[in-house]
file upload.txt (compact mmCIF, C-alpha atoms)
# COMPACT_ATOMS: atom_id res chain seq x y z
CA MET A 375 -20.87 8.16 18.79
CA LYS A 376 -20.89 4.45 19.61
CA LYS A 377 -20.80 3.56 15.89
CA SER A 378 -17.78 5.83 15.39
CA ILE A 379 -15.82 4.08 18.12
CA ILE A 380 -16.69 0.66 16.72
CA PHE A 381 -15.72 1.78 13.20
CA LEU A 382 -12.39 3.24 14.36
CA SER A 383 -11.61 0.11 16.38
CA LEU A 384 -12.33 -2.09 13.38
CA LEU A 385 -10.21 0.13 11.14
CA LEU A 386 -7.30 -0.05 13.58
CA VAL A 387 -7.50 -3.85 13.82
CA LEU A 388 -7.59 -4.19 10.03
CA SER A 389 -4.67 -1.80 9.61
CA LEU A 390 -2.52 -3.59 12.16
CA SER A 391 -3.29 -6.99 10.70
CA ALA A 392 -1.95 -5.77 7.34
CA CYS A 393 1.47 -4.83 8.71
CA GLY A 394 4.19 -6.83 7.04
CA LYS A 395 1.71 -8.81 4.99
CA SER A 396 1.27 -8.84 1.25
CA SER A 397 -0.53 -11.15 -1.11
CA ASP A 398 2.78 -12.42 -2.42
CA ASN A 399 4.71 -12.27 0.85
CA ASN A 400 6.52 -15.55 0.15
CA ASN A 401 7.65 -14.30 -3.25
CA ASN A 402 8.85 -11.02 -1.75
CA GLN A 403 10.80 -12.83 0.95
CA GLY A 404 12.43 -14.97 -1.70
CA ALA A 405 13.44 -11.86 -3.62
CA ALA A 406 14.90 -10.37 -0.45
CA ASN A 407 16.81 -13.57 0.23
CA ASN A 408 18.09 -13.69 -3.35
CA ASN A 409 19.54 -10.20 -2.90
CA ALA A 410 21.26 -11.15 0.36
CA GLY A 411 24.69 -11.03 -1.25
CA ASN A 412 24.24 -7.45 -2.46
CA THR A 413 26.82 -5.42 -0.57
CA GLY A 414 25.71 -1.86 -0.99
CA ALA A 415 24.63 -1.55 -4.61
CA THR A 416 21.19 -0.43 -3.48
CA THR A 417 20.85 3.23 -2.52
CA GLY A 418 21.09 3.63 1.24
CA GLN A 419 22.53 0.17 1.85
CA THR A 420 25.44 0.45 4.23
CA GLY A 421 27.55 -2.62 3.74
CA GLY A 422 26.24 -6.07 4.43
CA ASN A 423 26.84 -9.58 3.20
CA ALA A 424 25.12 -12.92 2.91
CA ALA A 425 25.33 -13.33 6.70
CA THR A 426 23.28 -10.18 7.33
CA GLY A 427 20.96 -10.12 4.32
CA ASN A 428 19.90 -7.06 2.40
CA GLY A 429 18.17 -4.83 4.93
CA GLU A 430 16.64 -2.38 2.50
CA ALA A 431 15.17 -5.10 0.27
CA THR A 432 13.78 -6.95 3.29
CA PHE A 433 12.28 -3.71 4.62
CA LYS A 434 10.64 -2.94 1.27
CA ALA A 435 9.21 -6.45 1.04
CA ASN A 436 7.83 -6.59 4.59
CA CYS A 437 7.66 -3.25 6.38
CA VAL A 438 6.55 -0.44 4.05
CA SER A 439 2.85 -1.15 4.55
CA CYS A 440 3.16 0.12 8.12
CA HIS A 441 6.29 2.31 8.09
CA GLY A 442 6.04 3.89 4.61
CA ASN A 443 8.28 3.85 1.55
CA ASN A 444 10.41 6.65 2.96
CA LEU A 445 10.32 5.44 6.59
CA GLU A 446 7.89 8.31 7.26
CA GLY A 447 5.48 6.17 9.25
CA ALA A 448 1.85 5.35 8.61
CA VAL A 449 0.21 2.80 10.89
CA GLY A 450 3.64 2.22 12.43
CA PRO A 451 6.00 4.92 13.68
CA ASN A 452 8.39 7.07 11.65
CA LEU A 453 11.77 5.30 11.37
CA GLN A 454 13.76 7.99 9.54
CA LYS A 455 16.05 8.56 12.56
CA VAL A 456 15.48 5.32 14.45
CA GLY A 457 19.25 4.63 14.62
CA ALA A 458 19.69 7.70 16.82
CA LYS A 459 17.36 6.12 19.38
CA TYR A 460 18.09 2.37 19.15
CA SER A 461 21.14 0.21 18.44
CA ALA A 462 21.12 -2.50 15.77
CA ASP A 463 20.71 -5.14 18.51
CA GLU A 464 17.73 -3.31 20.02
CA ILE A 465 16.11 -2.93 16.61
CA ALA A 466 16.69 -6.63 15.88
CA GLY A 467 14.95 -7.48 19.16
CA ILE A 468 11.94 -5.33 18.26
CA VAL A 469 11.70 -6.84 14.76
CA SER A 470 12.08 -10.38 16.11
CA ASN A 471 9.73 -10.17 19.08
CA GLY A 472 7.36 -7.38 18.10
CA ARG A 473 6.38 -4.50 20.32
CA GLY A 474 3.15 -2.63 20.95
CA GLY A 475 1.09 -2.97 17.77
CA MET A 476 4.00 -4.37 15.76
CA PRO A 477 3.87 -8.12 15.13
CA ALA A 478 6.87 -10.38 15.73
CA PHE A 479 8.76 -11.36 12.58
CA LYS A 480 10.80 -14.18 14.12
CA GLY A 481 9.83 -17.25 12.12
CA GLN A 482 8.62 -15.12 9.19
CA LEU A 483 12.04 -13.66 8.39
CA SER A 484 15.41 -15.38 8.62
CA ASP A 485 17.86 -14.27 11.31
CA ALA A 486 20.05 -12.86 8.52
CA ASP A 487 17.16 -10.78 7.17
CA ILE A 488 16.31 -9.48 10.65
CA GLN A 489 19.95 -8.53 11.23
CA GLY A 490 20.11 -6.90 7.81
CA VAL A 491 17.04 -4.76 8.51
CA ALA A 492 18.34 -3.89 11.97
CA GLN A 493 21.74 -2.79 10.67
CA TRP A 494 20.18 -0.83 7.80
CA LEU A 495 17.79 0.96 10.16
CA ALA A 496 20.47 1.56 12.81
CA ALA A 497 22.38 3.61 10.22
CA LYS A 498 19.37 5.98 9.97
CA LYS A 499 20.40 8.81 12.23

call {"tool": "encode", "arguments": {"input": "upload.txt", "output": "structure tokens"}}
result
Amino acid sequence: MKKSIIFLSLLLVLSLSACGKSSDNNNNQGAANNNAGNTGATTGQTGGNAATGNGEATFKANCVSCHGNNLEGAVGPNLQKVGAKYSADEIAGIVSNGRGGMPAFKGQLSDADIQGVAQWLAAKK
């Protein structure tokens, strides 16, 4: 029993430490920043401009490891209808500062990328 608890604790720590990380995280962030001017050509993108970044691309580069490709949740919660619960400003605050097991992305993502993700997720109702 004691070994099971230790194993599960270790698994949880490893899973949480992987959130938002990838071996080529800097390259992925660059790709997201390069797509910042895309104003809706990507499926599901609801507007946006260089000032707000490309929320979907930023999400795919940084968030799918915990929230899933289809926002279905994995280590992190399901975000398919997160916009019905939180405003874009509230989502931006959570992404920036972290919450619960989610790490803070302020300093890892630009303010424009954080706003882009927040606006993209806020449209998910």

call {"tool": "residues_around", "arguments": {"input": "upload.txt", "residues": "Val456 (chain A)", "least_positions_apart": "5", "cutoff": "8 Å", "atoms": "only C-alpha atoms", "output": "MDAnalysis selection string"}}
result
chainID A and resid 495:496 498:499

call {"tool": "closest_residue", "arguments": {"input": "upload.txt", "among": "A:Ala497, A:Gly450, A:Gly457, A:Ile488", "to": "Gly474 (chain A)", "atoms": "all atoms listed in the file"}}
result
A:Gly450

call {"tool": "closest_residue", "arguments": {"input": "upload.txt", "among": "A:Asn452, A:Gln489, A:Cys440, A:Thr432", "to": "Gly475 (chain A)", "atoms": "all atoms listed in the file"}}
result
A:Cys440

call {"tool": "residues_near_point", "arguments": {"input": "upload.txt", "point": "(12.9, 0.1, 5.6)", "cutoff": "9 Å", "atoms": "all atoms listed in the file", "output": "short mmCIF file (atom, residue, chain, number, x, y, z; two decimals) with C-alpha atoms, in the coordinates of the input"}}
result
data_model
loop_
_atom_site.label_atom_id
_atom_site.label_comp_id
_atom_site.auth_asym_id
_atom_site.auth_seq_id
_atom_site.Cartn_x
_atom_site.Cartn_y
_atom_site.Cartn_z
CA GLY A 429 18.17 -4.83 4.93
CA GLU A 430 16.64 -2.38 2.50
CA ALA A 431 15.17 -5.10 0.27
CA THR A 432 13.78 -6.95 3.29
CA PHE A 433 12.28 -3.71 4.62
CA LYS A 434 10.64 -2.94 1.27
CA ALA A 435 9.21 -6.45 1.04
CA ASN A 436 7.83 -6.59 4.59
CA CYS A 437 7.66 -3.25 6.38
CA VAL A 438 6.55 -0.44 4.05
CA HIS A 441 6.29 2.31 8.09
CA GLY A 442 6.04 3.89 4.61
CA ASN A 443 8.28 3.85 1.55
CA ASN A 444 10.41 6.65 2.96
CA LEU A 445 10.32 5.44 6.59
CA LEU A 453 11.77 5.30 11.37
CA GLN A 454 13.76 7.99 9.54
CA VAL A 491 17.04 -4.76 8.51
CA TRP A 494 20.18 -0.83 7.80
CA LEU A 495 17.79 0.96 10.16
#

call {"tool": "closest_residue", "arguments": {"input": "upload.txt", "among": "A:Asp485, A:Ala492, A:Gly427, A:Gly447", "to": "Ser461 (chain A)", "atoms": "all atoms listed in the file"}}
result
A:Ala492

call {"tool": "atom_distance", "arguments": {"input": "upload.txt", "atom1": "CA of Lys459 (chain A)", "atom2": "CA of Ser439 (chain A)"}}
result
22.0 Å

call {"tool": "atom_distance", "arguments": {"input": "upload.txt", "atom1": "CA of Gly481 (chain A)", "atom2": "CA of Glu446 (chain A)"}}
result
26.1 Å

call {"tool": "closest_residue", "arguments": {"input": "upload.txt", "among": "A:Ile465, A:Lys455, A:Gly490, A:Tyr460", "to": "Ala478 (chain A)", "atoms": "only C-alpha atoms"}}
result
A:Ile465

call {"tool": "atom_distance", "arguments": {"input": "upload.txt", "atom1": "CA of Gln482 (chain A)", "atom2": "CA of Asn428 (chain A)"}}
result
15.4 Å
